[in-house]
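Here is the file entry22.pdb (PDB, C-alpha atoms).
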ATOM      1  CA  MET A 494     -15.922   2.230  -1.339  1.00  0.00           C
ATOM      2  CA  ARG A 495     -16.454   1.730   2.389  1.00  0.00           C
ATOM      3  CA  VAL A 496     -18.527  -1.290   3.461  1.00  0.00           C
ATOM      4  CA  THR A 497     -19.805  -2.124   6.934  1.00  0.00           C
ATOM      5  CA  VAL A 498     -19.229  -5.816   7.640  1.00  0.00           C
ATOM      6  CA  ALA A 499     -21.306  -6.987  10.610  1.00  0.00           C
ATOM      7  CA  VAL A 500     -20.288 -10.375  11.995  1.00  0.00           C
ATOM      8  CA  ALA A 501     -23.354 -12.132  13.429  1.00  0.00           C
ATOM      9  CA  GLY A 502     -22.886 -12.382  17.186  1.00  0.00           C
ATOM     10  CA  GLY A 503     -19.709 -10.307  16.976  1.00  0.00           C
ATOM     11  CA  ASP A 504     -18.286  -6.955  16.012  1.00  0.00           C
ATOM     12  CA  SER A 505     -18.836  -4.719  13.027  1.00  0.00           C
ATOM     13  CA  HIS A 506     -15.926  -3.637  10.851  1.00  0.00           C
ATOM     14  CA  GLU A 507     -15.540  -0.858   8.304  1.00  0.00           C
ATOM     15  CA  VAL A 508     -13.710  -2.195   5.249  1.00  0.00           C
ATOM     16  CA  ASP A 509     -12.405  -0.063   2.372  1.00  0.00           C
ATOM     17  CA  VAL A 510     -12.467  -1.886  -0.966  1.00  0.00           C
ATOM     18  CA  ASP A 511     -11.838  -1.027  -4.607  1.00  0.00           C
ATOM     19  CA  ALA A 512     -14.718  -0.543  -7.032  1.00  0.00           C
ATOM     20  CA  ASP A 513     -14.099  -3.989  -8.537  1.00  0.00           C
ATOM     21  CA  ALA A 514     -13.990  -5.838  -5.176  1.00  0.00           C
ATOM     22  CA  THR A 515     -15.822  -9.106  -4.581  1.00  0.00           C
ATOM     23  CA  TYR A 516     -17.564 -10.267  -1.424  1.00  0.00           C
ATOM     24  CA  ALA A 517     -14.581 -12.551  -0.721  1.00  0.00           C
ATOM     25  CA  ASP A 518     -12.382  -9.426  -0.643  1.00  0.00           C
ATOM     26  CA  LEU A 519     -14.436  -8.139   2.301  1.00  0.00           C
ATOM     27  CA  LEU A 520     -13.185 -11.068   4.366  1.00  0.00           C
ATOM     28  CA  ALA A 521      -9.470 -10.250   3.915  1.00  0.00           C
ATOM     29  CA  PRO A 522      -9.138  -8.125   7.095  1.00  0.00           C
ATOM     30  CA  LEU A 523     -11.226 -10.586   9.124  1.00  0.00           C
ATOM     31  CA  PRO A 524     -10.005 -13.827  10.712  1.00  0.00           C
ATOM     32  CA  TYR A 525     -12.389 -15.888   8.555  1.00  0.00           C
ATOM     33  CA  GLY A 526     -11.918 -17.514   5.184  1.00  0.00           C
ATOM     34  CA  PRO A 527     -14.622 -17.848   2.527  1.00  0.00           C
ATOM     35  CA  HIS A 528     -15.157 -21.516   3.455  1.00  0.00           C
ATOM     36  CA  GLU A 529     -15.864 -20.635   7.101  1.00  0.00           C
ATOM     37  CA  VAL A 530     -18.621 -18.064   6.572  1.00  0.00           C
ATOM     38  CA  SER A 531     -21.516 -17.001   4.399  1.00  0.00           C
ATOM     39  CA  VAL A 532     -21.845 -13.381   3.332  1.00  0.00           C
ATOM     40  CA  LEU A 533     -25.423 -12.122   3.449  1.00  0.00           C
ATOM     41  CA  VAL A 534     -26.976  -9.079   1.795  1.00  0.00           C
ATOM     42  CA  ASP A 535     -30.484  -8.259   3.001  1.00  0.00           C
ATOM     43  CA  GLY A 536     -30.574 -11.688   4.680  1.00  0.00           C
ATOM     44  CA  ARG A 537     -29.735 -13.594   1.493  1.00  0.00           C
ATOM     45  CA  PRO A 538     -26.422 -15.320   0.754  1.00  0.00           C
ATOM     46  CA  VAL A 539     -24.348 -13.916  -2.097  1.00  0.00           C
ATOM     47  CA  PRO A 540     -21.663 -15.690  -4.144  1.00  0.00           C
ATOM     48  CA  GLU A 541     -18.165 -14.898  -2.888  1.00  0.00           C
ATOM     49  CA  ASP A 542     -17.007 -14.024  -6.412  1.00  0.00           C
ATOM     50  CA  ALA A 543     -19.852 -11.551  -7.074  1.00  0.00           C
ATOM     51  CA  PRO A 544     -18.988  -7.832  -7.162  1.00  0.00           C
ATOM     52  CA  VAL A 545     -19.821  -5.812  -4.047  1.00  0.00           C
ATOM     53  CA  GLU A 546     -22.915  -3.722  -4.766  1.00  0.00           C
ATOM     54  CA  THR A 547     -23.927  -2.616  -1.270  1.00  0.00           C
ATOM     55  CA  ASP A 548     -22.485  -0.684   1.651  1.00  0.00           C
ATOM     56  CA  ARG A 549     -23.546  -3.153   4.371  1.00  0.00           C
ATOM     57  CA  VAL A 550     -23.225  -6.943   4.626  1.00  0.00           C
ATOM     58  CA  GLU A 551     -23.610  -9.507   7.368  1.00  0.00           C
ATOM     59  CA  VAL A 552     -21.145 -12.349   7.865  1.00  0.00           C
ATOM     60  CA  LEU A 553     -22.569 -15.546   9.303  1.00  0.00           C
ATOM     61  CA  ARG A 554     -20.054 -18.003  10.692  1.00  0.00           C
ATOM     62  CA  LEU A 555     -20.728 -21.597   9.685  1.00  0.00           C
ATOM     63  CA  VAL A 556     -20.747 -24.332  12.304  1.00  0.00           C
ATOM     64  CA  LYS A 557     -18.622 -27.446  11.860  1.00  0.00           C
ATOM     65  CA  GLY A 558     -19.120 -30.576  13.817  1.00  0.00           C
ATOM     66  CA  GLY A 559     -18.509 -34.218  13.749  1.00  0.00           C
TER      67      GLY A 559
END

Would you mind writing the file out in structure tokens?
Amino acid sequence: MRVTVAVAGGDSHEVDVDADATYADLLAPLPYGPHEVSVLVDGRPVPEDAPVETDRVEVLRLVKGG
């Protein structure tokens, strides 16, 4: 399955994943870990361990500060 991963404010990437892939698996080729971003489908966050059921997601980088 090919999924378009659009990073908010950044580039889009085409990622090939297996049929049993999770949303966390979509982050593997990107320089972000699951604790640094939220994966959104249709503008709603999805659990990182949920199976991928769409061909387009948006990745929103989380802001850290102190």

Best match for closeness to A:Asp509 among A:Leu523, A:Asp535, A:Met494, A:Asp542, counting only C-alpha atoms =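 Smallest separation from A:Asp509 among the options: A:Met494.
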
Take every atom of stretch 535-548 of chain A listed in the file, fit an axis-aligned box around them, add 4 Å per side, and give the centre and edge lengths in Å to one decimal as JSON.
{"center_x": -23.8, "center_y": -8.2, "center_z": -1.2, "size_x": 21.6, "size_y": 23.0, "size_z": 19.8}

Decode the PyMOL selection byres ((chain A and resi 555) around 9) for the given file into explicit residues and return them as a PyMOL selection string.
-> chain A and resi 528-531+553-554+556-557

What is the atom CA of A:Gly502-atom CA of A:Val552 distance in Å, reported with one decimal?
->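 The value is 9.5 Å.
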
Around the point (-17.7, -6.9, 11.3), in the coordinates given by the file, pick out the residues reaching within 10 Å, counting only C-alpha atoms, and return them as a PDB file with C-alpha atoms, keeping the file's coordinate frame.
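New file part.pdb:
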ATOM      1  CA  VAL A 496     -18.527  -1.290   3.461  1.00  0.00           C
ATOM      2  CA  THR A 497     -19.805  -2.124   6.934  1.00  0.00           C
ATOM      3  CA  VAL A 498     -19.229  -5.816   7.640  1.00  0.00           C
ATOM      4  CA  ALA A 499     -21.306  -6.987  10.610  1.00  0.00           C
ATOM      5  CA  VAL A 500     -20.288 -10.375  11.995  1.00  0.00           C
ATOM      6  CA  ALA A 501     -23.354 -12.132  13.429  1.00  0.00           C
ATOM      7  CA  GLY A 502     -22.886 -12.382  17.186  1.00  0.00           C
ATOM      8  CA  GLY A 503     -19.709 -10.307  16.976  1.00  0.00           C
ATOM      9  CA  ASP A 504     -18.286  -6.955  16.012  1.00  0.00           C
ATOM     10  CA  SER A 505     -18.836  -4.719  13.027  1.00  0.00           C
ATOM     11  CA  HIS A 506     -15.926  -3.637  10.851  1.00  0.00           C
ATOM     12  CA  GLU A 507     -15.540  -0.858   8.304  1.00  0.00           C
ATOM     13  CA  VAL A 508     -13.710  -2.195   5.249  1.00  0.00           C
ATOM     14  CA  LEU A 519     -14.436  -8.139   2.301  1.00  0.00           C
ATOM     15  CA  LEU A 520     -13.185 -11.068   4.366  1.00  0.00           C
ATOM     16  CA  PRO A 522      -9.138  -8.125   7.095  1.00  0.00           C
ATOM     17  CA  LEU A 523     -11.226 -10.586   9.124  1.00  0.00           C
ATOM     18  CA  ARG A 549     -23.546  -3.153   4.371  1.00  0.00           C
ATOM     19  CA  VAL A 550     -23.225  -6.943   4.626  1.00  0.00           C
ATOM     20  CA  GLU A 551     -23.610  -9.507   7.368  1.00  0.00           C
ATOM     21  CA  VAL A 552     -21.145 -12.349   7.865  1.00  0.00           C
TER      22      VAL A 552
END

Quick one: of A:Arg537, A:Pro527, A:Glu546, A:Val532, who's nearest to A:Val510, counting all atoms listed in the file?
->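 Selected residue with least distance to A:Val510: A:Glu546.
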
Taking only C-alpha atoms into account, which of A:Leu533, A:Gly526, A:Ala521, A:Ala514 comes nearest A:Val545?
->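 Looking at the shortest contact to A:Val545, the residue is A:Ala514.
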
Go ahead and compute the interatomic distance for atom CA of A:Pro538 and atom CA of A:Tyr516, in Å to one decimal.
->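 Between atom CA of A:Pro538 and atom CA of A:Tyr516 the gap is 10.4 Å.
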